[in-house]
$ cat upload.txt   # compact mmCIF, C-alpha atoms
# COMPACT_ATOMS: atom_id res chain seq x y z
CA MET A 213 -47.80 -44.13 5.54
CA ALA A 214 -47.88 -40.54 6.69
CA PRO A 215 -46.79 -39.88 10.28
CA ASN A 216 -49.24 -38.91 13.00
CA ASN A 217 -47.72 -35.45 13.65
CA PRO A 218 -46.39 -34.21 10.28
CA LEU A 219 -44.73 -30.82 10.00
CA PRO A 220 -47.23 -28.31 8.54
CA ILE A 221 -46.56 -27.25 4.94
CA TRP A 222 -46.57 -23.55 4.05
CA GLY A 223 -47.89 -22.60 0.62
CA ASN A 224 -49.08 -25.12 -1.97
CA GLU A 225 -49.45 -28.55 -0.34
CA LYS A 226 -49.56 -30.38 -3.69
CA THR A 227 -46.61 -28.86 -5.60
CA MET A 228 -44.25 -28.19 -2.64
CA ASN A 229 -43.91 -24.64 -4.11
CA LEU A 230 -41.67 -26.04 -6.86
CA ASN A 231 -41.40 -24.63 -10.35
CA PRO A 232 -44.06 -26.24 -12.63
CA LEU A 233 -41.48 -27.32 -15.21
CA ILE A 234 -39.28 -29.03 -12.59
CA LEU A 235 -42.31 -30.68 -10.97
CA THR A 236 -43.55 -32.01 -14.33
CA ASN A 237 -40.13 -33.47 -15.14
CA ILE A 238 -39.90 -35.08 -11.67
CA GLN A 239 -43.32 -36.73 -11.93
CA SER A 240 -42.59 -38.03 -15.46
CA SER A 241 -39.06 -39.20 -14.60
CA PRO A 242 -38.55 -43.02 -14.71
CA TYR A 243 -36.17 -42.72 -11.74
CA PHE A 244 -38.95 -41.23 -9.59
CA LYS A 245 -41.73 -43.47 -10.92
CA VAL A 246 -39.82 -46.77 -10.76
CA ASN A 247 -36.84 -46.60 -8.40
CA LEU A 248 -38.14 -44.20 -5.76
CA TYR A 249 -41.62 -45.71 -5.76
CA GLU A 250 -40.21 -48.77 -3.99
CA LEU A 251 -38.79 -46.68 -1.10
CA LYS A 252 -41.38 -46.44 1.66
CA THR A 253 -39.50 -45.28 4.77
CA TYR A 254 -37.50 -42.26 5.85
CA HIS A 255 -34.27 -44.22 6.43
CA GLU A 256 -34.40 -45.84 2.98
CA VAL A 257 -34.63 -42.39 1.36
CA ILE A 258 -31.65 -41.18 3.42
CA ASP A 259 -29.57 -44.15 2.25
CA GLU A 260 -30.55 -43.37 -1.35
CA ILE A 261 -29.43 -39.76 -0.88
CA TYR A 262 -26.10 -40.98 0.51
CA TYR A 263 -25.38 -43.15 -2.57
CA ARG A 264 -26.98 -41.19 -5.44
CA VAL A 265 -26.67 -37.44 -4.76
CA ASP A 266 -23.47 -35.56 -5.69
CA HIS A 267 -24.83 -32.02 -6.32
CA LEU A 268 -27.86 -29.87 -5.51
CA GLU A 269 -28.80 -28.40 -8.90
CA PRO A 270 -32.26 -29.07 -10.38
CA TRP A 271 -30.87 -30.36 -13.72
CA GLU A 272 -28.14 -32.79 -14.64
CA LYS A 273 -25.01 -31.38 -16.28
CA GLY A 274 -25.34 -30.71 -20.03
CA SER A 275 -28.94 -31.95 -20.25
CA ARG A 276 -30.60 -28.55 -20.59
CA LYS A 277 -29.68 -26.03 -23.28
CA THR A 278 -31.37 -22.62 -23.06
CA ALA A 279 -29.16 -20.78 -25.57
CA GLY A 280 -31.29 -18.86 -28.08
CA GLN A 281 -34.59 -19.67 -26.35
CA THR A 282 -36.94 -16.79 -25.57
CA GLY A 283 -40.44 -16.32 -24.26
CA MET A 284 -42.02 -19.42 -22.75
CA CYS A 285 -38.99 -21.52 -23.72
CA GLY A 286 -36.43 -19.29 -21.97
CA GLY A 287 -35.13 -19.47 -18.41
CA VAL A 288 -36.92 -22.06 -16.31
CA ARG A 289 -40.33 -21.73 -17.97
CA GLY A 290 -41.85 -23.54 -20.93
CA VAL A 291 -42.39 -27.12 -21.98
CA GLY A 292 -39.67 -27.53 -24.58
CA ALA A 293 -36.85 -26.11 -22.43
CA GLY A 294 -36.65 -28.95 -19.89
CA GLY A 295 -33.82 -31.43 -19.49
CA ILE A 296 -33.01 -34.41 -17.30
CA VAL A 297 -34.09 -33.59 -13.78
CA SER A 298 -31.46 -34.34 -11.11
CA SER A 299 -31.68 -37.13 -8.56
CA ALA A 300 -31.36 -34.53 -5.78
CA TYR A 301 -34.67 -32.86 -6.68
CA CYS A 302 -36.38 -36.24 -7.22
CA LEU A 303 -35.36 -37.28 -3.70
CA LEU A 304 -36.36 -33.88 -2.32
CA TYR A 305 -39.85 -34.36 -3.70
CA LYS A 306 -39.86 -37.93 -2.36
CA LEU A 307 -39.20 -36.52 1.14
CA PHE A 308 -42.15 -34.19 0.61
CA THR A 309 -44.42 -37.14 -0.17
CA LEU A 310 -43.40 -38.80 3.11
CA ARG A 311 -44.67 -35.80 5.13
CA LEU A 312 -41.74 -35.52 7.52
CA THR A 313 -42.03 -34.67 11.17
CA ARG A 314 -40.05 -31.99 12.98
CA LYS A 315 -37.77 -34.62 14.48
CA GLN A 316 -37.02 -36.11 11.06
CA VAL A 317 -36.22 -32.68 9.58
CA ASN A 318 -33.87 -31.94 12.49
CA GLY A 319 -32.23 -35.31 11.83
CA LEU A 320 -31.70 -34.32 8.18
CA ILE A 321 -29.97 -30.97 8.88
CA ALA A 322 -27.81 -32.45 11.66
CA HIS A 323 -26.79 -35.67 9.84
CA SER A 324 -23.12 -36.58 10.03
CA ASP A 325 -22.75 -39.09 7.16
CA SER A 326 -23.01 -36.80 4.13
CA PRO A 327 -23.23 -33.01 3.59
CA TYR A 328 -25.75 -33.61 0.79
CA ILE A 329 -28.22 -35.07 3.30
CA ARG A 330 -27.91 -31.85 5.29
CA GLY A 331 -28.16 -29.72 2.14
CA LEU A 332 -31.42 -31.40 1.08
CA GLY A 333 -32.74 -30.90 4.62
CA PHE A 334 -32.12 -27.13 4.43
CA MET A 335 -33.70 -26.97 0.97
CA TYR A 336 -36.73 -28.89 2.28
CA ILE A 337 -37.15 -26.26 5.01
CA ARG A 338 -36.73 -23.41 2.49
CA TYR A 339 -39.42 -24.81 0.18
CA THR A 340 -42.02 -25.96 2.73
CA GLN A 341 -41.77 -23.83 5.90
CA ASP A 342 -43.23 -20.45 6.80
CA PRO A 343 -40.80 -17.56 6.04
CA LYS A 344 -41.35 -16.20 9.55
CA GLU A 345 -39.85 -19.40 10.99
CA LEU A 346 -36.83 -19.62 8.66
CA TRP A 347 -34.55 -17.65 10.96
CA ASP A 348 -35.30 -19.99 13.87
CA TRP A 349 -34.41 -22.99 11.68
CA PHE A 350 -31.19 -21.55 10.19
CA GLU A 351 -29.75 -19.39 12.97
CA ALA A 352 -27.70 -22.16 14.60
CA TYR A 353 -26.03 -23.10 11.26
CA LEU A 354 -24.94 -19.67 9.97
CA ASP A 355 -21.27 -20.38 10.79
CA ASP A 356 -21.18 -24.10 9.93
CA GLU A 357 -17.83 -24.82 8.22
CA GLU A 358 -18.59 -28.19 6.60
CA GLU A 359 -17.95 -27.99 2.84
CA ILE A 360 -20.34 -29.08 0.11
CA ASP A 361 -20.04 -28.97 -3.70
CA VAL A 362 -23.43 -27.81 -4.96
CA LYS A 363 -22.69 -27.51 -8.70
CA ALA A 364 -23.41 -30.24 -11.24
CA GLY A 365 -20.07 -31.64 -12.39
CA GLY A 366 -18.25 -30.07 -9.42
CA GLY A 367 -16.25 -26.88 -9.13
CA HIS A 368 -18.26 -24.79 -6.65
CA LYS A 369 -17.44 -25.74 -3.07
CA ILE A 370 -19.08 -23.69 -0.35
CA THR A 371 -19.67 -24.14 3.36
CA ILE A 372 -23.00 -25.10 4.88
CA GLY A 373 -23.09 -21.69 6.59
CA HIS A 374 -22.66 -19.91 3.24
CA MET A 375 -25.42 -22.01 1.71
CA VAL A 376 -27.79 -21.21 4.61
CA ARG A 377 -27.10 -17.47 4.25
CA GLN A 378 -27.70 -17.68 0.50
CA CYS A 379 -31.06 -19.40 1.08
CA LEU A 380 -32.11 -16.58 3.38
CA VAL A 381 -30.89 -13.68 1.24
CA LYS A 382 -31.35 -14.73 -2.41
CA LEU A 383 -34.27 -16.15 -4.37
CA GLU A 384 -32.22 -17.61 -7.25
CA TRP A 385 -30.85 -21.11 -7.01
CA TYR A 386 -29.20 -22.50 -10.17
CA SER A 387 -31.80 -21.70 -12.88
CA THR A 388 -34.76 -21.95 -10.48
CA LEU A 389 -36.32 -19.87 -7.72
CA PHE A 390 -37.10 -20.36 -4.05
CA PRO A 391 -40.51 -19.23 -2.72
CA ARG A 392 -40.69 -15.49 -2.15
CA ILE A 393 -40.31 -14.05 1.33
CA PRO A 394 -42.57 -11.12 2.33
CA VAL A 395 -40.80 -7.76 2.42
CA PRO A 396 -41.17 -7.07 6.19
CA VAL A 397 -39.87 -10.56 7.02
CA GLN A 398 -37.00 -10.13 4.56
CA LYS A 399 -36.00 -6.81 6.17
CA SER A 400 -35.92 -8.34 9.64
CA ILE A 401 -33.84 -11.27 8.35
CA MET A 402 -31.35 -8.88 6.68
CA GLU A 403 -30.96 -6.90 9.91
CA LYS A 404 -30.28 -10.08 11.87
CA ILE A 405 -27.73 -11.26 9.30
CA LYS A 406 -25.89 -7.93 9.55
CA GLU A 407 -25.74 -8.39 13.32
CA ASN A 408 -24.21 -11.86 12.80
CA PRO A 409 -21.50 -11.48 10.10
CA PRO A 410 -19.41 -14.51 9.07
CA LYS A 411 -16.49 -15.36 11.35
CA GLN A 412 -13.87 -15.03 8.62
CA GLU A 413 -14.96 -11.49 7.72
CA GLU A 414 -15.07 -10.54 11.38
CA GLU A 415 -11.54 -11.85 11.96
CA GLU A 416 -10.20 -10.06 8.85
CA HIS A 417 -11.86 -6.84 9.95
CA SER A 418 -10.36 -7.06 13.43
CA SER A 419 -6.88 -7.88 12.02
CA ARG A 420 -7.00 -4.93 9.61
CA LYS A 421 -8.24 -2.50 12.21
CA GLY A 422 -5.72 -2.85 15.04
CA SER A 423 -7.27 -2.02 18.41
CA PRO A 424 -5.20 0.63 20.27
CA LYS A 425 -3.69 -0.32 23.63
CA HIS A 426 -5.61 1.16 26.54
CA ILE A 427 -3.60 2.97 29.24
CA PRO A 428 -5.35 3.17 32.59
CA ASP A 429 -5.81 6.58 34.15
CA GLY A 430 -3.62 5.72 37.14
CA GLU A 431 -0.53 5.11 34.97
CA LEU A 432 -1.04 8.15 32.76
CA SER A 433 1.03 11.25 33.64
CA PHE A 434 2.34 14.36 31.95
CA GLY A 435 5.92 13.05 31.93
CA GLU A 436 5.33 10.13 29.57
CA ALA A 437 7.06 11.85 26.67
CA GLU A 438 10.15 12.55 28.79
CA LYS A 439 10.29 8.94 30.02
CA HIS A 440 10.05 7.69 26.47
CA ALA A 441 12.85 10.01 25.37
CA GLN A 442 15.08 8.77 28.20
CA ARG A 443 14.49 5.14 27.23
CA ARG A 444 15.77 5.70 23.71
CA PRO A 445 19.16 4.01 23.07
CA SER A 446 22.16 6.24 22.49
CA PRO A 447 23.22 6.68 18.83
CA THR A 448 26.83 5.53 19.57
CA PRO A 449 26.73 2.31 21.60
CA GLN A 450 29.53 1.92 24.16
CA ARG A 451 31.68 -1.15 24.47
CA ARG A 452 31.41 -3.39 27.47
CA GLY A 453 33.93 -2.58 30.21
CA SER A 454 34.82 0.85 28.85
CA PRO A 455 34.25 3.84 31.14
CA PRO A 456 31.36 6.14 30.25
CA VAL A 457 32.32 9.03 28.00
CA LYS A 458 31.84 12.41 29.62
CA ARG A 459 30.47 14.96 27.26
CA PRO A 460 31.54 18.59 27.87
CA SER A 461 28.84 21.04 28.74
CA LYS A 462 27.83 23.79 26.32
CA ALA A 463 29.27 26.58 28.50
CA ARG A 464 32.74 24.97 28.67
CA SER A 465 32.87 24.20 24.98
CA ARG A 466 32.26 27.86 24.15
CA SER A 467 35.14 29.11 26.37
CA ARG A 468 37.71 26.66 25.01
CA SER A 469 39.84 27.40 21.97
CA PRO A 470 38.96 25.57 18.78
CA ARG A 471 40.58 22.20 18.32
CA ARG A 472 43.38 21.76 15.84
CA ARG A 473 42.51 19.44 13.03
CA SER A 474 44.94 16.80 11.93
CA PRO A 475 46.54 17.37 8.51
CA LYS A 476 45.35 13.97 7.31
CA ARG A 477 41.72 14.89 7.44
CA SER A 478 40.38 16.90 4.59
CA PRO A 479 38.53 20.11 5.47
CA PRO A 480 34.78 19.74 5.49
CA ARG A 481 32.98 20.81 2.39
CA ARG A 482 30.97 23.90 2.74
CA SER A 483 27.92 24.41 0.69
CA PRO A 484 28.11 27.50 -1.58
CA PRO A 485 26.23 30.54 -0.38
CA ARG A 486 22.72 30.80 -1.65
CA ARG A 487 22.11 33.32 -4.37
CA PRO A 488 19.50 35.94 -3.71
CA ARG A 489 16.26 35.42 -5.51
CA SER A 490 16.08 37.16 -8.84
CA PRO A 491 13.49 39.92 -9.17
CA PRO A 492 10.46 39.28 -11.36
CA TYR A 493 11.96 41.43 -14.16
CA ARG A 494 15.13 40.55 -16.10
CA ARG A 495 18.23 42.58 -15.48
CA ARG A 496 20.48 43.58 -18.35
CA SER A 497 24.19 43.19 -17.93
CA PRO A 498 26.26 46.25 -19.00
CA HIS A 499 28.71 44.17 -21.06
CA ARG A 500 26.12 42.46 -23.23
CA ILE A 501 24.57 44.20 -26.21
CA TYR A 502 20.87 43.51 -26.61
CA ARG A 503 19.41 43.82 -30.06
CA PRO A 504 15.78 44.78 -30.15
CA ARG A 505 13.59 42.24 -31.89
CA SER A 506 11.48 44.87 -33.64
CA PRO A 507 12.46 48.46 -34.63
CA PRO A 508 10.85 51.48 -32.96
CA ARG A 509 7.54 52.79 -34.18
CA HIS A 510 8.90 55.91 -35.90
CA VAL A 511 11.37 53.81 -37.90
CA GLN A 512 8.59 51.54 -39.06
CA VAL A 513 6.55 54.55 -40.28
CA ASP A 514 9.51 55.99 -42.24
CA ASP A 515 10.23 52.67 -43.90
CA PHE A 516 6.60 52.32 -44.88
CA ALA A 517 6.50 55.77 -46.47
CA ARG A 518 9.72 55.05 -48.32
CA GLU A 519 8.41 51.78 -49.68
CA LEU A 520 5.16 53.47 -50.73
CA GLU A 521 7.11 56.09 -52.73
CA ARG A 522 9.13 53.38 -54.40
CA GLU A 523 5.99 51.50 -55.40
CA LYS A 524 4.39 54.66 -56.84
CA ALA A 525 7.52 55.43 -58.86
CA ARG A 526 7.59 51.89 -60.19
CA GLN A 527 3.93 52.07 -61.28
CA ARG A 528 4.57 55.42 -62.95
CA ARG A 529 7.44 53.95 -64.94
CA GLU A 530 5.30 51.03 -66.01
CA LYS A 531 2.60 53.39 -67.31
CA GLU A 532 5.11 55.43 -69.30
CA ARG A 533 6.50 52.32 -70.91
CA GLY A 534 3.00 51.20 -71.88
CA VAL A 535 2.21 54.54 -73.58
CA SER A 536 5.48 54.56 -75.52
CA ARG A 537 4.81 51.03 -76.78
CA SER A 538 1.34 51.96 -78.01
CA ARG A 539 2.67 54.99 -80.02
CA SER A 540 5.58 53.17 -81.68
CA PRO A 541 4.75 51.66 -85.19
CA VAL A 542 4.08 47.99 -85.47
CA PRO A 543 7.18 46.29 -86.84
CA ARG A 544 6.81 44.76 -90.25
CA ARG A 545 6.58 41.08 -90.60
CA ARG A 546 9.78 39.50 -91.44
CA SER A 547 9.79 38.06 -94.94
CA ARG A 548 10.38 34.43 -95.34
CA SER A 549 13.62 33.38 -96.88
CA ARG A 550 13.02 31.92 -100.29
CA SER A 551 14.98 29.10 -101.70
CA PRO A 552 16.77 29.58 -105.14
CA ILE A 553 14.42 27.10 -106.81
CA ARG A 554 11.35 29.12 -105.79
CA GLU A 555 13.03 32.30 -106.96
CA ARG A 556 13.63 30.83 -110.43
CA ARG A 557 10.03 29.71 -110.71
CA ARG A 558 8.74 33.14 -109.75
CA LYS A 559 10.92 34.85 -112.39
CA SER A 560 9.89 32.39 -115.09
CA ARG A 561 6.17 32.92 -114.34
CA SER A 562 6.23 36.72 -114.07
CA PRO A 563 6.17 37.62 -117.91
CA ASP A 564 3.29 35.25 -118.52
CA ARG A 565 1.29 36.92 -115.75
CA LYS A 566 1.96 40.38 -117.27
CA HIS A 567 0.88 39.19 -120.75
CA HIS A 568 -2.24 37.59 -119.31
CA HIS A 569 -3.08 40.82 -117.53
CA LYS A 570 -2.64 42.88 -120.76
CA SER A 571 -4.72 40.52 -122.85
CA SER A 572 -7.56 40.59 -120.32
CA HIS A 573 -7.44 44.36 -120.30
CA ASP A 574 -7.62 44.53 -124.14
CA LYS A 575 -10.56 42.22 -124.20
CA HIS A 576 -12.40 44.30 -121.66
CA SER A 577 -11.75 47.53 -123.61
CA ARG A 578 -12.95 45.94 -126.86
CA HIS A 579 -16.07 44.70 -125.25
CA SER A 580 -16.89 48.11 -123.86
CA SER A 581 -16.28 49.81 -127.25
CA GLU A 582 -18.59 47.36 -129.02
CA ARG A 583 -21.34 48.16 -126.57
CA LYS A 584 -20.98 51.87 -127.23
CA HIS A 585 -21.15 51.30 -130.99
CA ASP A 586 -24.32 49.28 -130.72
CA ARG A 587 -26.00 52.01 -128.78
$ encode --input "upload.txt" --output "C-alpha cells"
Amino acid sequence: MAPNNPLPIWGNEKTMNLNPLILTNIQSSPYFKVNLYELKTYHEVIDEIYYRVDHLEPWEKGSRKTAGQTGMCGGVRGVGAGGIVSSAYCLLYKLFTLRLTRKQVNGLIAHSDSPYIRGLGFMYIRYTQDPKELWDWFEAYLDDEEEIDVKAGGGHKITIGHMVRQCLVKLEWYSTLFPRIPVPVQKSIMEKIKENPPKQEEEEHSSRKGSPKHIPDGELSFGEAEKHAQRRPSPTPQRRGSPPVKRPSKARSRSRSPRRRSPKRSPPRRSPPRRPRSPPYRRRSPHRIYRPRSPPRHVQVDDFARELEREKARQRREKERGVSRSRSPVPRRRSRSRSPIRERRRKSRSPDRKHHHKSSHDKHSRHSSERKHDR
C-alpha cells in the first residue's frame, strides 16, 4: 500500500525518469517479477538491499557488449544492446513503486548497516526529486568519508561525499544518464560547490601554502635586523670554562708590525694577476711571421695576364702543327709481308697471265679488222 504522505515525484511519475532500455529490462527481469514482487514493505526491501547489492551500476559485469554497435544499438539506446540488469537498479525501481515518504528517504541516506543502502537512497533522490531541492538534500553529506565500491566486479572505491558531488556535477553514471538539471540551477550548484571544497584538497592547499607568521605592531621596531644579527652564533664556538678571546680593534692592528710566520707553515697561495682584456682586434707579435692567405690584388692580375699569354702561345703552336700535318703527304700503306709459298705461286702464274693478255689482244684486233673488211 502507498503511504498517506508520499514524497512528490519530479518528472515522469511512471518511468522514474529512467532510461527506456533499463526500464524495459527491469520490468521484464524474472528477479523483479518473481522475487521482488513478494516484498511488500519498506523494511523488507532494505533487508534485500543489504544481502543482494554489491555495486551501483545499471548492468551486471560482462553481460552487455557494446563493441562495434552504432546507431540505435550503441551506447545505452536500442533494443538489441541490453544485458542483464543489476539487482541494484531493480531494487531502486522497487523503492519507487513503494512511494516513499520523506522520513523513509532520510532513513535510507542515513542508514548505518550498509553503504549501498545509503547509495541507493542518494540515487533515488537524484532520479525523483526537483533539481532545485538537490542541494538541500546533499549539502550535509558533501564531506562524508564512508567508502563504497560502485563498480561491477569491484575496483572503484570512492567516498559517499565524492559520490554526492558527482551526482550534482555530472550527468553520466556508468553507461546511463541522470535527469538533466536546468542551467541556472546548475550554475548556482557549481558556485556553492566551489565555496565548499573537499576537506582533503583544502588541507593540501593550506599545507602547500604556508601562512606567514604575523608580528603585532607593538613588537615591531626598526632594530629587528640588528637584534637578529646579534643572536647569530659565533663561527668559532668557545670551549666551556675558557676565558673569552679578546679581538684586537682595527686601529691597533694597523699600528702593529706584521706577525712573523712560522717556518712550518707554507706561504699562502696567491692567485695570478688578471690579464687585461684583449682588444677586439688581434695583435701581431713581432717575432712571428704571418703568411697572407691570398696574394695582393696586383700580383693576381700579373699572374692572370701571364697565364693568358701562355694559353695563347699554346693554341698558336697547336694551330701550326695542324697546318703542317695537312700539307705533309699521306704515308703509303705498308705492304704486307708475303710468305715464300705465295711468292712462288705468283711467279708461276705471271707468264700465263701475260700470254692470256696477248691472246685476248690478238683476238680483238682480228675482230676489228674483219669488220673493216666487210664494210
$ closest_residue --input "upload.txt" --among "A:Gly319, A:Ser400, A:Arg533, A:Ser298" --to "Asn237 in chain A" --atoms "only C-alpha atoms"
A:Ser298
$ residues_around --input "upload.txt" --residues "Thr309 in chain A" --least-positions-apart "5" --cutoff "12 Å" --atoms "all atoms listed in the file" --output "list of chain:residue names"
A:Met213, A:Ala214, A:Pro215, A:Pro218, A:Leu219, A:Ile221, A:Glu225, A:Lys226, A:Thr227, A:Met228, A:Gln239, A:Phe244, A:Leu248, A:Tyr249, A:Leu251, A:Lys252, A:Thr253, A:Tyr254, A:Val257, A:Cys302, A:Leu303, A:Leu304, A:Tyr336, A:Thr340
$ atom_distance --input "upload.txt" --atom1 "CA of Tyr305 in chain A" --atom2 "CA of Gly365 in chain A"
21.8 Å
$ closest_atom_pairs --input "upload.txt" --of "range 226-321 of chain A" --to "range 344-364 of chain A" --cutoff "7 Å" --atoms "all atoms listed in the file" --output "tab-separated table"
residue	atom	partner	partner_atom	distance
A:His267	CA	A:Val362	CA	4.6
A:Leu268	CA	A:Val362	CA	4.9
A:Glu269	CA	A:Ala364	CA	6.2
A:Glu272	CA	A:Ala364	CA	6.4
A:Lys273	CA	A:Ala364	CA	5.4
$ atom_distance --input "upload.txt" --atom1 "CA of Trp385 in chain A" --atom2 "CA of Ser240 in chain A"
22.3 Å
$ residues_around --input "upload.txt" --residues "Met335 in chain A" --least-positions-apart "2" --cutoff "12 Å" --atoms "only C-alpha atoms" --output "ChimeraX atom specification"
/A:228-230,268-270,300-301,303-305,307-308,317,320-321,328-333,337-341,346,349-350,362,372,375-376,378-380,385,389-391
$ atom_distance --input "upload.txt" --atom1 "CA of Ile296 in chain A" --atom2 "CA of Gly274 in chain A"
8.9 Å
$ residues_around --input "upload.txt" --residues "Arg264 in chain A" --least-positions-apart "3" --cutoff "8 Å" --atoms "all atoms listed in the file" --output "ChimeraX atom specification"
/A:260-261,299-300
